[in-house]
Structure formats: C-alpha cells, structure tokens
Amino acid sequence: MRWRVPDDPRLRAALAIALAFLVILFLVSGIVLCRDYLTGRPLDLRPVAQDIDTTIGKILADKGTVTGESEELEDETGVWLLFSTHAELNDGVDAAAITRRIKEAMRPNGFDVAVSNGDLVTEITVSAFGKQIEQVQMISRPTTPSSRPAEEDARRSRVAIIIDDVGYGGEATEMLLEVNAPLTFSVLPKLPQSSALARRAHEAGFEVMLHLPLVSHATQRVCPGAVWVNTTREEIGRTLEEDLETVPFAVGLNNHQGSVYTSNELEMHRLLSEIKELGVFFIDSRTTFNTVGLKVAREMGIRSAERDVFLDNEHSADYIDGQMEELVGVAHRDGKAIGIGHCHHVETAQAVRRLVRRLEDMNLKMVPVSELVE
Ligand SMILES: [Zn+2]
C-alpha cells in the first residue's frame, strides 16, 4: 500500500507539527553532541601538527641552515603543538619559491597559510582548525646590490640554460623551480603534469617552451604529441596546436630527439613552416652533428638559435660541473652560450645552483633563451 498525504486538514496540520518537532529535536541533539565533543573530549591536533612540521621540514631540507623547537599547547577545545622554525637560506635560494611550495602543500588540506614579507625576512604562519601550528622565519642572504652600473651589466656575457623533458614532476624539477635565476623550462606536451608545470614555471617567472618530440623511426619510444617523419604540413600544424594547448605560456620550442628528422632538410622545412606560422622561436637541440635545423630556420627568417653544450649526458656531479665550465668558456668566447640540462637528475639541479652562485664572479649573466635567438 502506498502512503499518501491525508485529506483531512486537521490531520495534515498535526502531521506537519510532528515532523517539525522531529527536525528540531534532531538539530538540538546534533548541537549538544558537537558541544560535548568539543568541550568534553578536546581535539588532539598533535598528529596533524607533526605532519605539517614534517612536510615543511622536507620543503626546507638543504635550502639552508634550519633550526627549530616546539611546544605543546592546550585550551578547552584541544591540545596541539606549536613549532617555531628558523631558516637561514643558502645563496641563490628564493624565499618566494619556498613560500609557494608551502602554500601548495598546505592549502589543499584546508590549512591556512599567512605570509608577511620583509626585505630579507619572510615569515609564514600555518594554522589548522583555528590553531597556529607552525611559524617559519626565513632569512635570505643579502644579494649584491642591483644598482650596479647598467653598462657593466651589458658587458657581461650571457648564458641561457634550458631544462628539457619537463612534464613528469619530481624532486629535481621542484629544485629547479626554486632556482633564483631565469632558467628556461621546456615542457613535453600531453603529459599528465605538462600544463600544471608549465603554469607553475611561468608563475615563478621562468620562460616556458614546448619540448617537441620528433620521431624518426617506428622503433623509437614515442612520446605523446610527437611529430613523425613524412607528415603533411596540415597534420604537423594540428599536432603543434594541440601540443601548445597543453603547454600554456610557451613562447618557443626545441626538439626532443629526432636526429634523423632534424638532419633532413625537407622535413625541417615543413616543420619550420608551421613553427613560423605560430610565431614562436626555434632552438635546435642539436641531437646530431648533421642537423640542418638552425640553417633552415635562419634561411626562413625564423627567430632561432642552437644548443652549445649538453650539460648532463652523464649524471655525476663532476661531469656536470665540467660541462658547466665548458658552457662558461663558450659564453666568454662568444659573448653568449646556450646549455641544455634535464629535469631528471638532482645532480643537474645542484650544479645549476652552484653555477648561479658564481655567475657574477665570472662576469656572466643568466638570461631566458629568448634573449639569445636571432
Ligand atoms: Zn628531451
């Protein structure tokens, strides 16, 4: 039998009153339970506080000299920990980048992050459930005054470093995103993190490029968004447009692999015609000595340049430092140099940091690669 609203108006009124009474009873008991929960059984926020401190500790690890202490606090609503962390940042470590990472780690969990910025001091307060959990004070080293004469700056040789293969994320990528110098991030298209990393790099003030996979033969491991040999201009154009949609803010592109492709004048002409139409610049990664990329690009009047030094074909710190020296040598000789490193290795990120610290002493200036195209 189906239940239906009775016809009698008095019965309907009585039912409505009974229903309202039930709802009010429900609400009142809910409020009482909540109050009992909050007052009778104080919240234990200590595990949450520990998690917050561990996360911040990881973010600050090897960024400088970090000291800290904690105390346990309690009021009628709960018990929690307050951590005070003090970090003297290393040269070249950007407090703004660390602040961003802390926000990115905390906010998705609903924790509040308040920041106050001084000249060399940044203070961050993280709160959870209305309690202050961690106060971080970061002290940056004073940088050499930027008021140095413009001509001296202009006399400096220029170095650009492109970071290739961005799109997977990981520790080295995170370290590179915190470098306090204008690196250029070249992002592989159509990977789960392509867009997010391109956006983060752009927001952190870095130049972004599309790292275009070129496929020469079917045995190659094929990346998403690749351009194949023997493809029509129309298809190339479509691929490039789709790729660029997943790499926002890209102002140029360089090739990922594709040695056979870049050594073929006909193929390069077809590809570069589409690149020209998009109005982005082209950097020849020079994955082969036989490449004709730069030659064809220049003939076609496309803003272009080529890589001088691959920085990390081997991953040892010694090797990468050696390649950095070579890059410095080219810059001093030619007035400019372009290096390419990869976001896979922590060693690369560390070597980049070491180079950034020495730039001024070596009378060098790092620039986004777009400043070196002709
Ligand atoms: Zn690559």
# chains A, B, ... in the order shown; residues from 1 in each chain; ligands from 1

call {"tool": "residues_near_ligand", "arguments": {"ligand": "ligand 1", "cutoff": "7 Å", "atoms": "only C-alpha atoms and all ligand atoms", "output": "PDB file with C-alpha atoms, in the first residue's frame"}}
result
ATOM      1  CA  ASP A 164      64.392  19.765 -21.062  1.00  0.00           C
ATOM      2  CA  ASP A 165      61.872  16.950 -20.601  1.00  0.00           C
ATOM      3  CA  HIS A 211      59.748  20.454 -25.963  1.00  0.00           C
ATOM      4  CA  ASN A 255      63.232  19.396 -30.378  1.00  0.00           C
ATOM      5  CA  HIS A 256      63.220  16.308 -28.180  1.00  0.00           C
ATOM      6  CA  GLN A 257      65.287  13.640 -30.021  1.00  0.00           C
TER       7      GLN A 257
END

call {"tool": "residues_around", "arguments": {"residues": "segment 50-64 of chain A", "least_positions_apart": "6", "cutoff": "6 Å", "atoms": "only C-alpha atoms", "output": "PDB file with C-alpha atoms, in the first residue's frame"}}
result
ATOM      1  CA  GLU A  88      68.948  30.904   7.134  1.00  0.00           C
ATOM      2  CA  LEU A  89      68.630  30.356   3.401  1.00  0.00           C
ATOM      3  CA  ASN A  90      71.605  29.500   1.219  1.00  0.00           C
TER       4      ASN A  90
END

call {"tool": "closest_residue", "arguments": {"among": "A:Leu27, A:Leu43, A:Ile139, A:Leu278", "to": "Asp91 of chain A", "atoms": "only C-alpha atoms"}}
result
A:Ile139

call {"tool": "residues_around", "arguments": {"residues": "Asn230 of chain A", "least_positions_apart": "3", "cutoff": "10 Å", "atoms": "only C-alpha atoms", "output": "JSON, numbers by chain"}}
result
{"A": [216, 227, 233, 236, 261, 266, 267, 270]}

call {"tool": "write_last_selection", "arguments": {"atoms": "N, CA and C atoms", "output": "CSV table (one decimal), in the first residue's frame"}}
result
chain,number,residue,atom,x,y,z
A,216,SER,N,61.7,9.7,-35.7
A,216,SER,CA,62.3,9.4,-36.9
A,216,SER,C,62.0,8.0,-37.4
A,227,VAL,N,55.8,14.7,-33.5
A,227,VAL,CA,55.6,14.8,-34.9
A,227,VAL,C,56.5,13.8,-35.6
A,233,ARG,N,52.0,19.0,-43.8
A,233,ARG,CA,52.1,20.3,-43.1
A,233,ARG,C,50.8,20.4,-42.2
A,236,ILE,N,51.0,18.4,-39.2
A,236,ILE,CA,52.0,19.0,-38.2
A,236,ILE,C,51.4,20.2,-37.5
A,261,TYR,N,65.2,13.2,-38.2
A,261,TYR,CA,64.3,14.3,-38.7
A,261,TYR,C,65.0,15.6,-38.9
A,266,LEU,N,64.2,18.6,-46.1
A,266,LEU,CA,62.8,18.7,-46.5
A,266,LEU,C,61.8,18.7,-45.3
A,267,GLU,N,62.1,17.7,-44.4
A,267,GLU,CA,61.3,17.6,-43.2
A,267,GLU,C,61.3,18.9,-42.3
A,270,ARG,N,59.3,21.7,-43.7
A,270,ARG,CA,57.9,21.5,-43.5
A,270,ARG,C,57.5,21.9,-42.1

call {"tool": "closest_residue", "arguments": {"among": "A:Arg10, A:Arg354, A:Lys365, A:Lys190", "to": "Ala226 of chain A", "atoms": "only C-alpha atoms"}}
result
A:Lys190

call {"tool": "atom_distance", "arguments": {"atom1": "atom CA of Val352 of chain A", "atom2": "atom CA of Leu364 of chain A"}}
result
13.7 Å

call {"tool": "atom_distance", "arguments": {"atom1": "atom CA of Ala317 of chain A", "atom2": "atom CA of Ala351 of chain A"}}
result
6.9 Å

call {"tool": "residues_around", "arguments": {"residues": "Asn254 of chain A", "least_positions_apart": "4", "cutoff": "7 Å", "atoms": "only C-alpha atoms", "output": "tab-separated table (two decimals) with C-alpha atoms, in the first residue's frame"}}
result
chain	number	residue	atom	x	y	z
A	210	LEU	CA	57.37	23.44	-25.85
A	211	HIS	CA	59.75	20.45	-25.96
A	212	LEU	CA	58.56	18.93	-29.22
A	282	PHE	CA	63.03	27.67	-32.53
A	283	ILE	CA	66.04	26.28	-30.68
A	284	ASP	CA	67.84	23.40	-32.34
A	285	SER	CA	68.73	20.98	-29.55

call {"tool": "select_by_dssp", "arguments": {"residues": "segment 49-245 of chain A", "states": "strand (DSSP E or B)", "output": "JSON, numbers by chain"}}
result
{"A": [64, 65, 66, 67, 68, 69, 70, 71, 72, 73, 74, 75, 78, 79, 80, 81, 82, 83, 84, 85, 86, 87, 88, 89, 93, 112, 113, 114, 115, 116, 117, 121, 122, 123, 124, 125, 126, 127, 128, 131, 132, 133, 134, 135, 136, 137, 138, 139, 157, 158, 159, 160, 161, 162, 163, 164, 165, 166, 179, 184, 185, 186, 187, 207, 208, 209, 210, 211, 212, 213, 214, 215, 227, 228]}

call {"tool": "closest_residue", "arguments": {"among": "A:Ala128, A:Ser140, A:Leu45, A:Leu197", "to": "Ala87 of chain A", "atoms": "only C-alpha atoms"}}
result
A:Ser140
